[in-house]
Every structure is written in structure tokens, then in C-alpha cells.
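Raw structure.txt, compact mmCIF, C-alpha atoms:
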```txt
# COMPACT_ATOMS: atom_id res chain seq x y z
CA MET A 1303 17.93 43.87 -56.42
CA LYS A 1304 16.81 40.51 -57.73
CA ILE A 1305 18.27 39.06 -60.90
CA PRO A 1306 15.71 37.89 -63.49
CA VAL A 1307 15.82 34.14 -64.11
CA ARG A 1308 14.40 32.07 -66.94
CA ASN A 1309 14.70 28.50 -68.05
CA ARG A 1310 15.43 27.22 -71.51
CA ASP A 1311 15.88 23.54 -72.36
CA GLY A 1312 16.93 22.72 -68.80
CA VAL A 1313 19.37 25.60 -68.58
CA THR A 1314 18.84 28.27 -65.92
CA ILE A 1315 19.61 31.66 -67.45
CA LEU A 1316 20.41 34.51 -65.07
CA GLN A 1317 20.35 38.02 -66.48
CA PRO A 1318 21.96 40.58 -64.14
CA THR A 1319 21.19 44.22 -64.94
CA GLY A 1320 23.43 47.23 -64.47
CA LYS A 1321 26.44 47.21 -62.19
CA ILE A 1322 27.75 43.96 -60.75
CA THR A 1323 29.71 45.83 -58.13
CA ILE A 1324 30.39 45.99 -54.42
CA GLY A 1325 27.44 45.90 -52.06
CA ILE A 1326 24.44 45.32 -54.33
CA GLY A 1327 25.14 43.74 -57.71
CA ASP A 1328 27.70 41.29 -56.30
CA VAL A 1329 25.29 40.10 -53.60
CA ALA A 1330 22.47 39.76 -56.15
CA LEU A 1331 24.67 37.54 -58.31
CA ARG A 1332 25.59 35.36 -55.33
CA ASP A 1333 21.92 35.04 -54.28
CA ALA A 1334 20.80 34.18 -57.81
CA VAL A 1335 23.40 31.42 -58.15
CA ASP A 1336 22.57 30.08 -54.66
CA ASP A 1337 18.85 30.08 -55.51
CA ALA A 1338 19.48 28.25 -58.79
CA LEU A 1339 21.56 25.60 -57.01
CA ALA A 1340 18.95 25.27 -54.25
CA ALA A 1341 16.31 24.71 -56.93
CA GLY A 1342 18.42 21.83 -58.26
CA SER A 1343 19.80 23.49 -61.34
CA THR A 1344 23.10 22.12 -62.60
CA SER A 1345 23.25 24.08 -65.85
CA ILE A 1346 23.58 27.81 -65.27
CA LEU A 1347 24.18 30.46 -67.89
CA VAL A 1348 24.84 34.06 -66.87
CA ASP A 1349 23.73 36.45 -69.61
CA PHE A 1350 25.56 39.80 -69.28
CA GLN A 1351 23.70 41.57 -72.08
CA ARG A 1352 22.20 44.09 -69.64
CA ALA A 1353 25.20 44.34 -67.34
CA SER A 1354 27.10 47.62 -67.46
CA LYS A 1355 30.20 47.02 -65.36
CA MET A 1356 31.83 44.59 -62.97
CA ASP A 1357 34.34 45.32 -60.21
CA SER A 1358 36.59 43.00 -58.20
CA SER A 1359 33.72 42.19 -55.80
CA GLY A 1360 31.60 41.05 -58.73
CA MET A 1361 34.55 39.01 -60.00
CA ALA A 1362 35.01 37.42 -56.57
CA GLU A 1363 31.36 36.33 -56.67
CA LEU A 1364 31.77 35.01 -60.18
CA VAL A 1365 34.70 32.76 -59.28
CA ALA A 1366 32.94 31.73 -56.06
CA ALA A 1367 29.91 30.77 -58.18
CA PHE A 1368 32.12 28.73 -60.51
CA LYS A 1369 33.51 26.82 -57.56
CA LYS A 1370 30.11 26.23 -55.91
CA VAL A 1371 28.43 25.07 -59.10
CA LYS A 1372 31.32 22.76 -59.93
CA GLU A 1373 31.23 21.28 -56.43
CA SER A 1374 27.51 20.64 -56.94
CA GLY A 1375 28.34 18.67 -60.07
CA GLY A 1376 27.06 21.37 -62.40
CA GLU A 1377 28.39 23.86 -64.92
CA ILE A 1378 28.20 27.65 -65.12
CA LYS A 1379 28.96 29.51 -68.33
CA LEU A 1380 28.93 33.13 -69.50
CA LEU A 1381 27.03 34.78 -72.35
CA HIS A 1382 27.09 38.18 -74.09
CA LEU A 1383 29.98 39.77 -72.22
CA PRO A 1384 30.19 43.51 -72.92
CA SER A 1385 33.67 44.55 -74.04
CA ASN A 1386 34.52 46.29 -70.76
CA ILE A 1387 33.66 43.23 -68.67
CA ARG A 1388 35.42 40.94 -71.16
CA ASP A 1389 38.45 43.21 -70.77
CA VAL A 1390 38.67 42.93 -66.97
CA LEU A 1391 37.95 39.20 -66.95
CA ALA A 1392 40.87 38.77 -69.35
CA ILE A 1393 43.22 40.91 -67.26
CA THR A 1394 42.34 38.99 -64.10
CA GLN A 1395 42.53 35.72 -66.10
CA ILE A 1396 39.08 34.72 -64.84
CA SER A 1397 38.04 34.21 -68.46
CA ARG A 1398 40.40 31.21 -68.58
CA VAL A 1399 38.14 29.15 -66.30
CA PHE A 1400 34.82 29.94 -67.97
CA GLU A 1401 33.30 28.92 -71.27
CA ILE A 1402 32.17 32.19 -72.86
CA PHE A 1403 29.56 32.50 -75.61
CA ASP A 1404 28.21 35.26 -77.82
CA ASP A 1405 25.22 33.25 -79.05
CA GLU A 1406 22.49 32.01 -76.72
CA ASP A 1407 21.48 29.01 -78.88
CA GLU A 1408 25.05 27.82 -78.96
CA ALA A 1409 25.49 28.41 -75.22
CA VAL A 1410 22.33 26.47 -74.30
CA ALA A 1411 23.21 23.62 -76.67
CA SER A 1412 26.68 23.35 -75.11
CA PHE A 1413 25.23 22.05 -71.84
CA ASN A 1414 23.81 18.93 -73.50
CA MET B 869 40.36 93.93 -86.47
CA LEU B 870 39.13 91.17 -84.26
CA ASP B 871 40.47 90.84 -80.78
CA SER B 872 42.29 87.59 -80.42
CA VAL B 873 40.84 85.23 -77.85
CA ALA B 874 43.30 84.43 -75.11
CA LEU B 875 43.62 80.69 -74.83
CA THR B 876 44.24 79.17 -71.44
CA ASP B 877 47.81 78.08 -71.10
CA MET B 878 47.36 74.40 -70.24
CA ALA B 879 50.85 74.24 -68.77
CA GLU B 880 49.79 76.64 -66.05
CA GLN B 881 46.27 75.42 -65.51
CA VAL B 882 45.67 73.74 -62.18
CA LEU B 883 42.48 71.94 -61.37
CA GLN B 884 41.52 70.05 -58.26
CA ILE B 885 38.49 67.93 -57.44
CA LYS B 886 37.72 66.73 -53.92
CA VAL B 887 35.05 64.23 -52.97
CA ALA B 888 34.49 62.88 -49.47
CA ILE B 889 32.05 60.09 -48.64
CA SER B 890 30.96 58.30 -45.52
CA SER B 891 31.86 54.62 -45.65
CA ARG B 892 28.79 53.15 -47.29
CA PHE B 893 28.95 51.02 -50.43
CA GLU B 894 26.22 53.04 -52.16
CA ASN B 895 28.39 56.17 -51.96
CA ILE B 896 31.06 54.59 -54.16
CA ASP B 897 28.79 55.10 -57.18
CA LEU B 898 28.83 58.85 -56.51
CA VAL B 899 32.63 59.01 -56.62
CA ASP B 900 32.52 56.90 -59.77
CA ALA B 901 30.02 59.27 -61.43
CA VAL B 902 31.99 62.39 -60.52
CA MET B 903 35.31 60.97 -61.71
CA GLU B 904 33.94 59.48 -64.94
CA ALA B 905 32.46 62.87 -65.87
CA ALA B 906 35.71 64.60 -64.95
CA MET B 907 37.84 62.18 -66.97
CA ARG B 908 35.67 62.68 -70.07
CA HIS B 909 36.20 66.38 -69.60
CA PHE B 910 39.95 65.77 -69.37
CA GLY B 911 39.82 64.16 -72.81
CA PHE B 912 40.14 60.45 -72.03
CA ASP B 913 38.31 58.21 -74.50
CA GLU B 914 35.39 56.08 -73.31
CA GLU B 915 37.37 52.85 -72.99
CA THR B 916 40.01 54.59 -70.87
CA VAL B 917 37.37 56.34 -68.75
CA GLU B 918 35.87 52.92 -68.07
CA ARG B 919 39.23 51.40 -67.12
CA LEU B 920 40.44 54.30 -64.99
CA GLY B 921 37.01 54.57 -63.38
CA LEU B 922 37.25 50.95 -62.32
CA ALA B 923 40.73 51.46 -60.86
CA ILE B 924 39.48 54.46 -58.86
CA ARG B 925 36.38 52.54 -57.77
CA GLU B 926 38.62 49.74 -56.49
CA ALA B 927 40.73 52.13 -54.42
CA VAL B 928 37.66 53.79 -52.92
CA ALA B 929 35.96 50.44 -52.28
CA ASN B 930 39.07 49.17 -50.47
CA GLY B 931 38.90 52.23 -48.21
CA VAL B 932 35.21 51.68 -47.46
CA ARG B 933 35.40 47.92 -46.95
CA HIS B 934 38.86 47.07 -45.65
CA GLY B 935 40.07 50.42 -44.31
CA ASN B 936 37.02 51.90 -42.64
CA ARG B 937 35.16 48.59 -42.32
CA GLN B 938 31.96 50.29 -43.48
CA GLU B 939 31.76 52.49 -40.39
CA PRO B 940 29.60 55.35 -41.67
CA THR B 941 31.25 57.89 -39.35
CA LYS B 942 34.57 57.30 -41.12
CA ARG B 943 35.31 59.02 -44.39
CA VAL B 944 37.01 58.05 -47.59
CA GLU B 945 38.36 61.10 -49.38
CA LEU B 946 39.45 61.44 -52.95
CA THR B 947 41.52 64.32 -54.24
CA CYS B 948 42.19 64.58 -57.95
CA ASP B 949 44.86 67.04 -59.09
CA LEU B 950 45.31 67.88 -62.71
CA LYS B 951 48.70 69.41 -63.31
CA GLN B 952 50.20 69.83 -66.73
CA ASP B 953 49.89 66.44 -68.37
CA VAL B 954 49.16 64.20 -65.37
CA MET B 955 46.03 63.28 -63.45
CA ALA B 956 47.08 62.46 -59.89
CA LEU B 957 44.61 60.96 -57.45
CA ARG B 958 44.94 60.49 -53.73
CA ILE B 959 42.43 58.27 -51.93
CA THR B 960 42.60 58.17 -48.14
CA ASP B 961 40.77 56.24 -45.46
CA GLU B 962 40.74 56.27 -41.66
CA GLY B 963 41.56 52.61 -41.23
CA SER B 964 44.55 50.83 -39.76
CA GLY B 965 46.45 50.07 -42.96
CA PHE B 966 47.51 46.76 -44.44
CA ASP B 967 50.55 44.93 -45.70
CA VAL B 968 50.63 45.39 -49.47
CA ASP B 969 53.11 42.54 -49.87
CA ALA B 970 50.78 40.15 -48.04
CA ILE B 971 48.05 40.54 -50.68
CA PRO B 972 48.02 37.31 -52.69
CA ASP B 973 48.80 37.45 -56.41
CA PRO B 974 45.39 36.70 -57.94
CA LEU B 975 46.96 35.44 -61.15
CA THR B 976 48.62 32.34 -59.73
CA ALA B 977 46.69 29.12 -60.20
CA ASN B 978 46.28 28.61 -56.45
CA ASN B 979 44.75 32.05 -56.01
CA LEU B 980 42.42 32.11 -58.99
CA PHE B 981 39.49 31.33 -56.69
CA ASN B 982 40.72 33.57 -53.90
CA PRO B 983 38.37 36.57 -53.50
CA SER B 984 41.09 39.15 -52.82
CA GLY B 985 43.89 40.88 -54.70
CA ARG B 986 42.10 41.77 -57.91
CA GLY B 987 41.39 45.39 -56.94
CA ILE B 988 45.09 46.20 -56.67
CA LEU B 989 45.79 44.20 -59.83
CA LEU B 990 43.28 46.36 -61.74
CA MET B 991 44.73 49.59 -60.34
CA ARG B 992 48.20 48.55 -61.48
CA ALA B 993 46.91 47.37 -64.87
CA PHE B 994 45.16 50.63 -65.70
CA MET B 995 47.17 53.38 -64.00
CA ASP B 996 50.72 54.52 -64.80
CA GLU B 997 51.68 54.66 -61.13
CA VAL B 998 50.17 53.11 -58.01
CA ALA B 999 51.56 53.68 -54.52
CA PHE B 1000 50.39 52.89 -51.00
CA ASP B 1001 51.39 54.96 -48.00
CA PHE B 1002 50.23 54.86 -44.42
CA ASP B 1003 49.83 57.82 -42.10
CA ASN B 1004 50.79 57.88 -38.41
CA ASN B 1005 47.38 56.61 -37.40
CA GLY B 1006 47.59 53.80 -39.94
CA GLY B 1007 45.13 55.22 -42.45
CA THR B 1008 45.89 54.23 -46.01
CA GLN B 1009 46.71 56.69 -48.76
CA VAL B 1010 46.55 55.33 -52.28
CA THR B 1011 48.17 57.41 -55.00
CA LEU B 1012 47.13 56.76 -58.59
CA LYS B 1013 48.65 58.61 -61.53
CA LYS B 1014 47.79 58.65 -65.20
CA SER B 1015 49.16 60.75 -68.04
CA LEU B 1016 46.53 62.79 -69.79
CA PRO B 1017 45.82 62.01 -73.42
CA SER B 1018 47.64 64.33 -75.77
CA PRO B 1019 46.72 66.73 -77.08
CA PRO B 1020 44.11 67.64 -74.44
CA SER B 1021 40.71 67.69 -76.12
CA ASP B 1022 39.75 71.14 -74.90
CA ALA B 1023 43.05 72.85 -75.60
CA GLY B 1024 43.20 75.32 -78.44
CA SER B 1025 44.98 74.64 -81.67
CA GLU B 1026 48.62 75.61 -81.68
CA GLU B 1027 48.34 76.87 -85.22
CA ASP B 1028 48.44 80.57 -85.71
CA GLU B 1029 44.95 81.57 -86.76
CA SER B 1030 45.49 85.33 -86.84
```
File written out as C-alpha cells:
Amino acid sequence: MKIPVRNRDGVTILQPTGKITIGIGDVALRDAVDDALAAGSTSILVDFQRASKMDSSGMAELVAAFKKVKESGGEIKLLHLPSNIRDVLAITQISRVFEIFDDEDEAVASFN
Amino acid sequence: MLDSVALTDMAEQVLQIKVAISSRFENIDLVDAVMEAAMRHFGFDEETVERLGLAIREAVANGVRHGNRQEPTKRVELTCDLKQDVMALRITDEGSGFDVDAIPDPLTANNLFNPSGRGILLMRAFMDEVAFDFDNNGGTQVTLKKSLPSPPSDAGSEEDES
């Protein structure tokens, strides 16, 4: 599974689809972030509009991505979290470390 | 005169679901699908099905990854018993167990970027009871319990309709 990527105003937008869970979706997220960093991107936005669920393996990749991007001098932010994913990110307190947006224009503008 | 329809006495109804998978990540989705369908049938609302489904998924995934180390010849088994007003799940693996107390608390600042500990956190957040036991060979047995929503959605009305 490869995560679709697009660019908007210098921001790399990753749009994972379906389950960000153990074995497939978590690895796809890791690969997409690694590819974006390798391509020199320092502004990464993960758009969850088409994501259906996330488990602890997906969350582990998300916090690992935060750390990697920060160490590369960049920023990674989250967009369009479905309520179920928002729920588990709140319970695990992962949402405390991320900037989270509901509006793409606002999210993209926040990187500048 | 119409014959009255005998309603099932929910207090005496016993229902059991068993699912066994070989230890491959892709099989976890099957357990998830079976249990989500079952929990809808039990009358849980969608948000609760989602939450409980994630807790179950975490227990099964732990068995596949940490317990059985993805050895396809080893099985993870789930048994779901519905008795009276409680859904009780037992998830077992054929691994060598682990020290529950050694799992780091993922909510402390130092552990926020640690990959482990969130599965158990989610189980405890969403279930009423979570317990870990280890058999003689070291295999892990996770017990998860959740009270059923009341009244059960498929139970008959208690009003006398005669």
C-alpha cells in the first residue's frame, strides 16, 4: 500500500486511506514520511480524511514520524481527524504534541 | 386467540464465539470484522463498537507480534462468552509471556515517543476489566470484560402485550 502524496504551497500532504494499523497501514505511513524527508520536505501534513481507524502500531509510527521530522528541522501536522482517531489520540495524549487542523487552507498557511 | 410468542429469557441465554488465527498480521482484520459484527448484534452503539474493537484488536495484535512473534504455525485464539449482562473475552497466544509491570506508562513525558505500552492503555481505557494470566508454558491469556448495554437491543419488551 502506497500513500498518495501531493504538494501545495511547499507543503507535502500525505493522505493515508483505510486502516492505519499493524502490518500494512503503519508501515505505509512510515514509508511515506521517510520518502517525504528523503525528498527534502520539511513541511508535512497528514490528511486523515480517508483514514478509517488507527491502532497502537499506527500511533507508534505517528510519534516516530513527529520525532524524525523534528530532528530534520521540519514540522509535521495533522488534518481532518475522524472522531474515532481523534478519540484515541486524546486518550494516549499523542494529540498534545501535534498541531491538529480541520481546514486544509488553515493547515497549509500555518507552515509559513 | 393468538398464541403468545415465547421470548428468549436473556438471563439464561448463553452465546459463545470462537475465532482462531495463525500469527499473521493480515488475520487480525478477520477477528476485528467478526467481533465488530458480533458487538453490533449485542446492542453496542457504533462508537462503543469502535472502541471495544480497538481494544480487542490490540490484545490479538500483541499475541501475534509479541507472543507468537509472527510464527504462522502458532495460533492466537479468541473466545467471546456472552453471559447475562457481560461480554467476556479471552485471548490466548502460544508465546512465552511478559512482565505486565515492566511495560512503560505511555502517558509520562519521557515515554510519549516510546513505541510500546499504548495497546494495554487502550484495553484498560475501553474495557471494564483487563487481566493478564500466563499458562504453564508461558503463553499469555488476556481477559477483557465489558458490561452489555441495557436494555439489550434484541430483547423483547417487558410490557405485557397480551
So which residues touch segment 921-923 of chain B within 9 Å, counting only C-alpha atoms, skipping near sequence neighbours fewer than 5 positions away, as a list in words?
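Neighbouring residues, sequence-local ones excluded: Lys1355, Met1356, Asp1357 and Ser1358 of chain A; Asp900, Ala901, Met903, Glu904, Met907, Thr916, Val928, Gly987, Ile988, Leu989, Leu990, Met991, Arg992, Ala993, Phe994, Met995 and Leu1012 of chain B.
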Who sits within 10 Å of Ile971 of chain B, all atoms listed in the file, same chain under 6 positions skipped, as a list in words:
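Those residues are Ser984, Gly985, Arg986 and Ile988 of chain B.
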If we count only C-alpha atoms, what is near Glu1363 of chain A at a cut-off of 10 Å, once residues fewer than 6 positions away on the same chain are taken out, given as a ChimeraX atom specification?
/A:1322-1324,1327-1333,1335,1369 /B:981,983
Work out how far atom CA of Ile1387 of chain A is from atom CA of Pro972 of chain B, in Å to one decimal.
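Result for atom CA of Pro972 of chain B versus atom CA of Ile1387 of chain A: 22.3 Å, one decimal.
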Distance atom CA of Ala1353 of chain A-atom CA of Leu1380 of chain A, one decimal place?
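Straight-line distance from atom CA of Ala1353 of chain A to atom CA of Leu1380 of chain A works out to 12.0 Å.
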For a quick test of understanding: name the residues of chain A lying within 6 Å of chain B when counting only C-alpha atoms, and present them as a list in words.
Gly1325, Ser1358, Ala1362 and Val1365 of chain A
What lies within 12 Å of Gly963 of chain B using only C-alpha atoms, ignoring chain neighbours under 2 positions off, as an MDAnalysis selection string?
chainID B and resid 891 930:939 941:944 960:961 965:966 1002:1009
Output C-alpha atoms for every residue in that selection, as a PDB file, keeping the file's coordinate frame.
```pdb
ATOM      1  CA  SER B 891      31.860  54.620 -45.650  1.00  0.00           C
ATOM      2  CA  ASN B 930      39.070  49.170 -50.470  1.00  0.00           C
ATOM      3  CA  GLY B 931      38.900  52.230 -48.210  1.00  0.00           C
ATOM      4  CA  VAL B 932      35.210  51.680 -47.460  1.00  0.00           C
ATOM      5  CA  ARG B 933      35.400  47.920 -46.950  1.00  0.00           C
ATOM      6  CA  HIS B 934      38.860  47.070 -45.650  1.00  0.00           C
ATOM      7  CA  GLY B 935      40.070  50.420 -44.310  1.00  0.00           C
ATOM      8  CA  ASN B 936      37.020  51.900 -42.640  1.00  0.00           C
ATOM      9  CA  ARG B 937      35.160  48.590 -42.320  1.00  0.00           C
ATOM     10  CA  GLN B 938      31.960  50.290 -43.480  1.00  0.00           C
ATOM     11  CA  GLU B 939      31.760  52.490 -40.390  1.00  0.00           C
ATOM     12  CA  THR B 941      31.250  57.890 -39.350  1.00  0.00           C
ATOM     13  CA  LYS B 942      34.570  57.300 -41.120  1.00  0.00           C
ATOM     14  CA  ARG B 943      35.310  59.020 -44.390  1.00  0.00           C
ATOM     15  CA  VAL B 944      37.010  58.050 -47.590  1.00  0.00           C
ATOM     16  CA  THR B 960      42.600  58.170 -48.140  1.00  0.00           C
ATOM     17  CA  ASP B 961      40.770  56.240 -45.460  1.00  0.00           C
ATOM     18  CA  GLY B 965      46.450  50.070 -42.960  1.00  0.00           C
ATOM     19  CA  PHE B 966      47.510  46.760 -44.440  1.00  0.00           C
ATOM     20  CA  PHE B1002      50.230  54.860 -44.420  1.00  0.00           C
ATOM     21  CA  ASP B1003      49.830  57.820 -42.100  1.00  0.00           C
ATOM     22  CA  ASN B1004      50.790  57.880 -38.410  1.00  0.00           C
ATOM     23  CA  ASN B1005      47.380  56.610 -37.400  1.00  0.00           C
ATOM     24  CA  GLY B1006      47.590  53.800 -39.940  1.00  0.00           C
ATOM     25  CA  GLY B1007      45.130  55.220 -42.450  1.00  0.00           C
ATOM     26  CA  THR B1008      45.890  54.230 -46.010  1.00  0.00           C
ATOM     27  CA  GLN B1009      46.710  56.690 -48.760  1.00  0.00           C
TER      28      GLN B1009
END
```
To one decimal in Å, tell me the separation between atom CA of Val1390 of chain A and atom CA of Ile889 of chain B.
26.0 Å
Go through A:Ser1374, A:Ser1354, A:Asn1386, A:Ser1345 and flag the residue nearest Ser1412 of chain A, using only C-alpha atoms for the distances.
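Looking at the shortest contact to Ser1412 of chain A, the residue is A:Ser1345.
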Using all atoms listed in the file: which of B:Ala999, B:Ala905, B:Met955, B:Leu946 has the shortest distance to Lys1014 of chain B
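With all atoms listed in the file as the atom set, the closest residue is B:Met955.
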Can you pull out the residues contacting Ile885 of chain B? Cut-off 8 Å, using all atoms listed in the file, and skip same-chain residues under 6 positions away; I want them as a PDB file with C-alpha atoms, in the frame of the given file.
```pdb
ATOM      1  CA  LEU B 946      39.450  61.440 -52.950  1.00  0.00           C
ATOM      2  CA  THR B 947      41.520  64.320 -54.240  1.00  0.00           C
ATOM      3  CA  CYS B 948      42.190  64.580 -57.950  1.00  0.00           C
ATOM      4  CA  ASP B 949      44.860  67.040 -59.090  1.00  0.00           C
TER       5      ASP B 949
END
```
